[in-house]
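Okay, target-v4.txt is below, compact mmCIF, C-alpha atoms and all ligand atoms:
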```txt
# COMPACT_ATOMS: atom_id res chain seq x y z
CA MET T 505 98.45 118.76 83.47
CA ALA T 506 99.87 120.98 86.18
CA LEU T 507 103.63 120.78 86.02
CA LEU T 508 105.88 120.82 89.02
CA THR T 509 106.45 124.46 89.78
CA GLY T 510 108.20 125.88 92.83
CA PHE T 511 107.72 123.61 95.82
CA LYS T 512 104.05 122.89 95.40
CA LYS T 513 103.29 119.22 95.11
CA ILE T 514 100.48 117.94 92.92
CA LYS T 515 97.50 117.06 95.06
CA THR T 516 96.70 113.44 94.36
CA ALA T 517 93.89 111.02 95.16
CA VAL T 518 94.50 107.26 95.07
CA PHE T 519 91.53 105.03 94.23
CA ILE T 520 91.58 101.50 95.67
CA SER T 521 89.27 98.52 96.15
CA GLY T 522 91.42 96.00 98.00
CA THR T 523 94.76 95.46 99.69
CA GLY T 524 96.29 98.79 98.80
CA SER T 525 99.92 97.72 98.52
CA ASN T 526 100.41 100.10 95.59
CA LEU T 527 98.74 102.81 97.67
CA LYS T 528 101.29 102.18 100.42
CA SER T 529 104.20 102.43 98.01
CA LEU T 530 102.78 105.65 96.54
CA ILE T 531 102.36 107.15 100.02
CA LYS T 532 105.97 106.31 100.90
CA PHE T 533 107.13 107.78 97.60
CA SER T 534 105.05 110.93 98.10
CA LYS T 535 106.95 111.67 101.30
CA LEU T 536 110.29 111.85 99.51
CA LYS T 537 111.63 115.30 98.69
CA LYS T 538 111.97 114.36 95.02
CA SER T 539 108.32 113.33 94.76
CA PRO T 540 106.14 115.70 92.73
CA ILE T 541 102.94 114.46 94.38
CA SER T 542 101.30 114.66 97.78
CA ILE T 543 98.54 112.19 98.56
CA GLU T 544 95.57 114.05 99.96
CA MET T 545 92.78 111.52 99.62
CA ILE T 546 92.08 107.80 99.45
CA VAL T 547 88.92 106.84 97.58
CA SER T 548 87.35 103.40 97.73
CA ASN T 549 84.20 101.73 96.51
CA ASN T 550 84.63 99.04 99.15
CA VAL T 551 84.32 99.69 102.85
CA LYS T 552 86.23 96.44 103.48
CA SER T 553 89.33 97.48 101.48
CA LYS T 554 92.30 96.59 103.65
CA GLY T 555 94.14 99.54 102.13
CA LEU T 556 91.83 101.98 103.90
CA ALA T 557 93.91 101.33 107.01
CA TYR T 558 96.70 103.42 105.45
CA GLY T 559 94.41 106.43 105.77
CA LYS T 560 94.60 106.11 109.53
CA ILE T 561 98.28 105.25 109.66
CA TYR T 562 99.36 108.15 107.45
CA LYS T 563 96.56 110.58 108.38
CA ILE T 564 95.11 110.83 104.89
CA LYS T 565 91.42 111.59 104.26
CA LYS T 566 89.42 108.47 103.33
CA LYS T 567 86.26 108.59 101.29
CA ILE T 568 84.08 105.57 100.59
CA PHE T 569 81.43 105.66 97.88
CA ASN T 570 78.70 103.19 97.05
CA PHE T 571 79.00 102.34 93.38
CA LYS T 572 75.60 100.61 93.26
CA LYS T 573 74.47 104.04 92.11
CA GLN T 574 77.52 104.88 90.03
CA ILE T 575 76.31 108.19 88.59
CA THR T 576 75.56 109.53 92.07
CA ALA T 577 78.83 108.14 93.45
CA GLU T 578 80.86 109.78 90.70
CA LYS T 579 79.12 113.12 91.22
CA GLU T 580 79.97 112.99 94.90
CA ILE T 581 83.56 111.98 94.18
CA LEU T 582 83.98 114.90 91.78
CA LEU T 583 82.70 117.27 94.45
CA GLN T 584 85.15 115.93 97.01
CA LEU T 585 88.04 116.06 94.55
CA LYS T 586 87.21 119.66 93.77
CA LYS T 587 86.93 120.56 97.44
CA SER T 588 90.39 119.14 98.10
CA LYS T 589 91.81 120.67 94.89
CA ILE T 590 92.90 117.27 93.60
CA ASP T 591 94.71 117.45 90.28
CA LEU T 592 95.81 113.85 89.78
CA ILE T 593 94.07 110.51 90.26
CA CYS T 594 96.07 107.30 90.61
CA LEU T 595 94.01 104.16 90.20
CA ALA T 596 95.65 101.37 92.17
CA GLY T 597 93.64 98.18 92.17
CA PHE T 598 90.37 100.10 91.75
CA MET T 599 87.90 97.50 90.52
CA LYS T 600 85.22 99.80 89.09
CA ILE T 601 85.18 101.14 85.56
CA LEU T 602 84.77 104.91 85.69
CA SER T 603 82.23 106.44 83.33
CA ASN T 604 83.28 108.26 80.17
CA SER T 605 81.91 111.46 81.57
CA PHE T 606 84.03 111.16 84.72
CA ILE T 607 87.15 110.34 82.73
CA HIS T 608 86.47 113.25 80.40
CA LYS T 609 86.32 115.67 83.34
CA PHE T 610 89.76 114.52 84.52
CA LYS T 611 91.18 113.89 81.08
CA GLY T 612 94.95 113.40 81.10
CA HIS T 613 94.99 113.45 84.89
CA ILE T 614 94.12 109.80 85.62
CA LEU T 615 96.76 107.08 85.78
CA ASN T 616 96.35 103.33 86.22
CA ILE T 617 98.63 100.42 86.96
CA HIS T 618 97.87 97.14 85.27
CA PRO T 619 99.49 93.76 85.88
CA SER T 620 100.42 92.84 82.30
CA LEU T 621 102.48 94.12 79.42
CA LEU T 622 99.70 96.06 77.72
CA PRO T 623 98.27 95.90 75.11
CA LYS T 624 98.45 92.21 76.05
CA TYR T 625 95.84 90.97 78.51
CA LYS T 626 93.51 93.83 79.26
CA GLY T 627 90.99 93.23 82.04
CA LEU T 628 91.18 90.49 84.65
CA ASN T 629 93.15 87.25 85.18
CA THR T 630 96.24 88.54 83.42
CA HIS T 631 98.65 86.10 85.10
CA GLU T 632 96.55 83.06 84.23
CA LYS T 633 96.43 84.21 80.61
CA ALA T 634 100.19 84.83 80.34
CA ILE T 635 101.01 81.40 81.81
CA LYS T 636 98.39 79.63 79.70
CA ASN T 637 99.82 81.18 76.55
CA LYS T 638 103.31 80.06 77.59
CA ASP T 639 104.62 83.62 77.37
CA GLU T 640 108.27 84.06 78.22
CA TYR T 641 107.62 87.38 79.93
CA SER T 642 104.80 89.20 81.62
CA GLY T 643 105.05 92.39 83.66
CA CYS T 644 103.24 95.57 84.53
CA THR T 645 102.26 98.81 82.86
CA VAL T 646 101.43 102.32 84.05
CA HIS T 647 99.22 104.16 81.58
CA PHE T 648 96.96 107.16 81.22
CA VAL T 649 93.29 106.29 81.51
CA ASN T 650 91.01 106.92 78.57
CA SER T 651 87.48 105.78 77.88
CA GLU T 652 88.52 102.29 76.74
CA LEU T 653 89.53 99.73 79.34
CA ASP T 654 93.31 99.47 79.86
CA SER T 655 93.94 101.21 76.54
CA GLY T 656 95.26 104.69 77.28
CA GLU T 657 98.74 105.90 76.38
CA ILE T 658 101.46 103.80 77.98
CA ILE T 659 103.86 105.70 80.25
CA ILE T 660 106.20 102.95 81.37
CA GLN T 661 106.42 99.15 81.56
CA LYS T 662 108.51 96.57 83.41
CA LYS T 663 109.10 93.08 82.09
CA VAL T 664 109.14 90.10 84.45
CA LYS T 665 110.42 86.68 83.38
CA ILE T 666 107.94 83.80 83.68
CA LYS T 667 109.65 80.70 85.00
CA LYS T 668 108.43 77.18 84.21
CA LYS T 669 107.46 76.61 87.81
CA ASP T 670 105.50 79.89 88.11
CA THR T 671 101.82 79.71 89.01
CA PRO T 672 99.43 82.66 88.65
CA SER T 673 99.98 83.41 92.31
CA THR T 674 103.81 83.29 92.29
CA LEU T 675 103.82 85.40 89.15
CA ALA T 676 101.36 87.88 90.69
CA LYS T 677 103.69 88.26 93.69
CA LYS T 678 106.75 88.94 91.53
CA ILE T 679 104.89 91.42 89.37
CA LEU T 680 103.33 93.22 92.34
CA ALA T 681 106.80 93.82 93.78
CA GLN T 682 107.75 95.48 90.48
CA GLU T 683 104.52 97.51 90.44
CA HIS T 684 105.59 99.15 93.69
CA ILE T 685 108.72 100.44 91.97
CA LEU T 686 107.11 101.23 88.63
CA TYR T 687 104.25 103.51 89.73
CA PRO T 688 106.55 106.08 91.39
CA LYS T 689 108.89 105.86 88.37
CA ALA T 690 105.98 106.64 86.04
CA ILE T 691 105.05 109.68 88.10
CA LEU T 692 108.61 110.96 88.08
CA LYS T 693 108.73 110.40 84.32
CA ILE T 694 105.57 112.41 83.67
CA PHE T 695 106.40 115.31 85.92
CA SER T 696 110.14 115.64 85.51
CA LEU T 697 110.90 118.98 83.97
C1 LIG I 1 97.65 95.21 91.31
O1 LIG I 1 98.15 94.03 90.74
C2 LIG I 1 97.27 96.18 90.22
O2 LIG I 1 98.09 96.12 89.11
C3 LIG I 1 95.88 95.72 89.85
O3 LIG I 1 95.30 95.34 91.09
C4 LIG I 1 96.32 94.97 92.01
C5 LIG I 1 96.14 95.83 93.23
O4 LIG I 1 96.98 95.47 94.29
N1 LIG I 1 95.19 96.73 89.11
P1 LIG I 1 97.08 96.39 95.57
O5 LIG I 1 95.66 96.62 96.08
O6 LIG I 1 97.77 97.65 95.20
O7 LIG I 1 97.88 95.56 96.56
```
Here is the file; what I need is its structure written in the form of C-alpha cells.
Ligand code: GRF
Amino acid sequence: MALLTGFKKIKTAVFISGTGSNLKSLIKFSKLKKSPISIEMIVSNNVKSKGLAYGKIYKIKKKIFNFKKQITAEKEILLQLKKSKIDLICLAGFMKILSNSFIHKFKGHILNIHPSLLPKYKGLNTHEKAIKNKDEYSGCTVHFVNSELDSGEIIIQKKVKIKKKDTPSTLAKKILAQEHILYPKAILKIFSL
C-alpha cells in the first residue's frame, strides 16, 4: 500500500450502486487538508445510481460498467483504474461481488463499509437480522476486502444501540449516519504515519 509521502494524495476510486451517501461523505473528507486520499473516479454498475450525480457536482470522472458480462466489465474497470493511476478502491454500497481475480490484482487496496458489527451478519438485511435476534447493539464496520464476502481484516467499527422501538429502517438511518463518520476515520487510521 502506498503510504502518504510528501503532499501526494492517494488516487482513489469509489464504487457505488445506489444513493451514494457514503460517496458524498468521502468526497467531502477528501477535500480536507488532512485527508490522505483524492477521489479521482466514481465507478458504478448501475446507470440509475443516484450517487452518480456527485460526479457532476464535484467534477469527478464517472464510469458505468455493465456487470451482465462481469469478466469483461472487470477487465475494462482495471484498464480505467490503471489509466487514472488509481491506488485505492473504496466500495460504498457497491452491490456486486468482485471476482477473486480482480480482488487479487488490487490486494490490500480495496476497502468496504458494511452495516453490521462483523463478523455478525455478513451479506444483506443486516438490520432485520440484528432486530430479529434482539441484539442490544448493531453498528458498522470498515474492512479490507478479501475473496470471501464481508470477511477481510477489520479496520474499525462503530457500535450503535438498538432501541426497543427501532425498526430496520430507523436503525439503518442511525447506522448510516455513523458510516459517514467511520469511513474517513478508517482511511486516516490506515494511512496515518
Ligand atoms: C450502506 O449502508 C453501506 O454500508 C452498504 O450499503 C449502504 C450504501 O449506502 N454497503 P449509500 O449508497 O452510501 O448511501
| query | Do you know which residues are at most 12 Å from stretch 651-661 of chain T counting all atoms listed in the file, after dropping those on the same chain fewer than 5 positions away, and could you put them as a PyMOL selection string? | reply | chain T and resi 595+599-628+630+641-646+679+682-683+685-695
| field | Within 6 Å of ligand LIG 1 (chain I), counting only C-alpha atoms and all ligand atoms, residues as an MDAnalysis selection string | value | chainID T and resid 522:527 596:597 617:619 680
| query | Out of T:Ile635, T:Ala517, T:Ile593, T:Leu583, which residue has the shortest atom-to-atom distance to T:Lys566 when counting all atoms listed in the file? | reply |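 For T:Lys566, the nearest of the given residues is T:Ala517.
Our summary of the geometry notes that atom CA of T:Lys636 is positioned 25.1 Å from atom CA of T:His684.
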| said: What does the structure give for the distance between atom CA of T:Lys669 and atom CA of T:Ala681, in Å to one decimal? | reply: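 Result for atom CA of T:Lys669 versus atom CA of T:Ala681: 18.2 Å, one decimal.
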| request: Counting all atoms listed in the file, note down every residue that has an atom within 9 Å of the point (87.2, 108.5, 104.9) (file coordinates), as a PyMOL selection string. | output: chain T and resi 545-548+556+559+564-568
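Nearest to T:Ser696 of all the residues T:Pro672, T:Lys667, T:Ser521, T:Ile541 is T:Ile541, counting all atoms listed in the file.
With all atoms listed in the file as the basis for measurement, T:Lys528 is the residue among T:Lys515, T:Lys528, T:Lys633, T:Lys638 that approaches T:Tyr562 most closely.
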| request: For atom CA of T:Ser534 and atom CA of T:Lys677, determine how far apart the two atoms are, in Å to one decimal place. | output: 23.1 Å
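For the choices T:Phe569, T:Cys594, T:Asn637, T:Ala557, the atom-to-atom distance to T:Val649 is smallest for T:Cys594 when using all atoms listed in the file.
Using all atoms listed in the file, the smallest distance between any of T:Leu675, T:Ile520, T:Ile561, T:Ile543 and T:Leu592 comes from T:Ile543.
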| Using only C-alpha atoms, which of the listed residues (T:Lys535, T:His631, T:Lys573, T:Lys589) sits closest to T:Ile666? |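 Closest candidate: T:His631.
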Quick one: stretch 542-570 of chain T with N, CA and C atoms, as a compact mmCIF listing (two decimals), keeping the file's coordinate frame?
```txt
# COMPACT_ATOMS: atom_id res chain seq x y z
N SER T 542 101.65 114.88 96.37
CA SER T 542 101.30 114.66 97.78
C SER T 542 99.95 113.96 97.76
N ILE T 543 99.80 112.94 98.58
CA ILE T 543 98.54 112.19 98.56
C ILE T 543 97.60 112.77 99.60
N GLU T 544 96.49 113.29 99.10
CA GLU T 544 95.57 114.05 99.96
C GLU T 544 94.30 113.26 100.25
N MET T 545 94.05 112.21 99.45
CA MET T 545 92.78 111.52 99.62
C MET T 545 92.87 110.08 99.14
N ILE T 546 92.21 109.19 99.89
CA ILE T 546 92.08 107.80 99.45
C ILE T 546 90.60 107.58 99.16
N VAL T 547 90.31 107.09 97.97
CA VAL T 547 88.92 106.84 97.58
C VAL T 547 88.74 105.34 97.41
N SER T 548 87.63 104.82 97.93
CA SER T 548 87.35 103.40 97.73
C SER T 548 85.87 103.19 97.48
N ASN T 549 85.58 102.14 96.74
CA ASN T 549 84.20 101.73 96.51
C ASN T 549 83.84 100.62 97.51
N ASN T 550 84.82 100.24 98.33
CA ASN T 550 84.63 99.04 99.15
C ASN T 550 85.06 99.33 100.59
N VAL T 551 84.06 99.35 101.45
CA VAL T 551 84.32 99.69 102.85
C VAL T 551 85.28 98.69 103.49
N LYS T 552 85.36 97.49 102.90
CA LYS T 552 86.23 96.44 103.48
C LYS T 552 87.65 96.46 102.91
N SER T 553 87.97 97.41 102.04
CA SER T 553 89.33 97.48 101.48
C SER T 553 90.35 97.54 102.61
N LYS T 554 91.26 96.59 102.61
CA LYS T 554 92.30 96.59 103.65
C LYS T 554 93.13 97.88 103.57
N GLY T 555 93.30 98.37 102.35
CA GLY T 555 94.14 99.54 102.13
C GLY T 555 93.64 100.79 102.83
N LEU T 556 92.36 100.79 103.22
CA LEU T 556 91.83 101.98 103.90
C LEU T 556 92.57 102.24 105.21
N ALA T 557 93.16 101.18 105.76
CA ALA T 557 93.91 101.33 107.01
C ALA T 557 95.05 102.34 106.87
N TYR T 558 95.59 102.47 105.65
CA TYR T 558 96.70 103.42 105.45
C TYR T 558 96.24 104.86 105.66
N GLY T 559 94.96 105.10 105.50
CA GLY T 559 94.41 106.43 105.77
C GLY T 559 94.67 106.82 107.22
N LYS T 560 94.41 105.85 108.10
CA LYS T 560 94.60 106.11 109.53
C LYS T 560 96.09 106.23 109.86
N ILE T 561 96.85 105.27 109.34
CA ILE T 561 98.28 105.25 109.66
C ILE T 561 98.97 106.55 109.22
N TYR T 562 98.65 106.98 108.01
CA TYR T 562 99.36 108.15 107.45
C TYR T 562 98.55 109.44 107.52
N LYS T 563 97.42 109.39 108.22
CA LYS T 563 96.56 110.58 108.38
C LYS T 563 96.17 111.20 107.04
N ILE T 564 95.59 110.36 106.21
CA ILE T 564 95.11 110.83 104.89
C ILE T 564 93.58 110.63 104.88
N LYS T 565 92.88 111.65 104.36
CA LYS T 565 91.42 111.59 104.26
C LYS T 565 90.97 110.34 103.50
N LYS T 566 89.96 109.64 104.04
CA LYS T 566 89.42 108.47 103.33
C LYS T 566 87.99 108.77 102.92
N LYS T 567 87.64 108.38 101.73
CA LYS T 567 86.26 108.59 101.29
C LYS T 567 85.77 107.30 100.65
N ILE T 568 84.62 106.82 101.13
CA ILE T 568 84.08 105.57 100.59
C ILE T 568 82.76 105.88 99.89
N PHE T 569 82.62 105.37 98.69
CA PHE T 569 81.43 105.66 97.88
C PHE T 569 80.77 104.36 97.45
N ASN T 570 79.45 104.37 97.46
CA ASN T 570 78.70 103.19 97.05
C ASN T 570 78.45 103.24 95.54
```
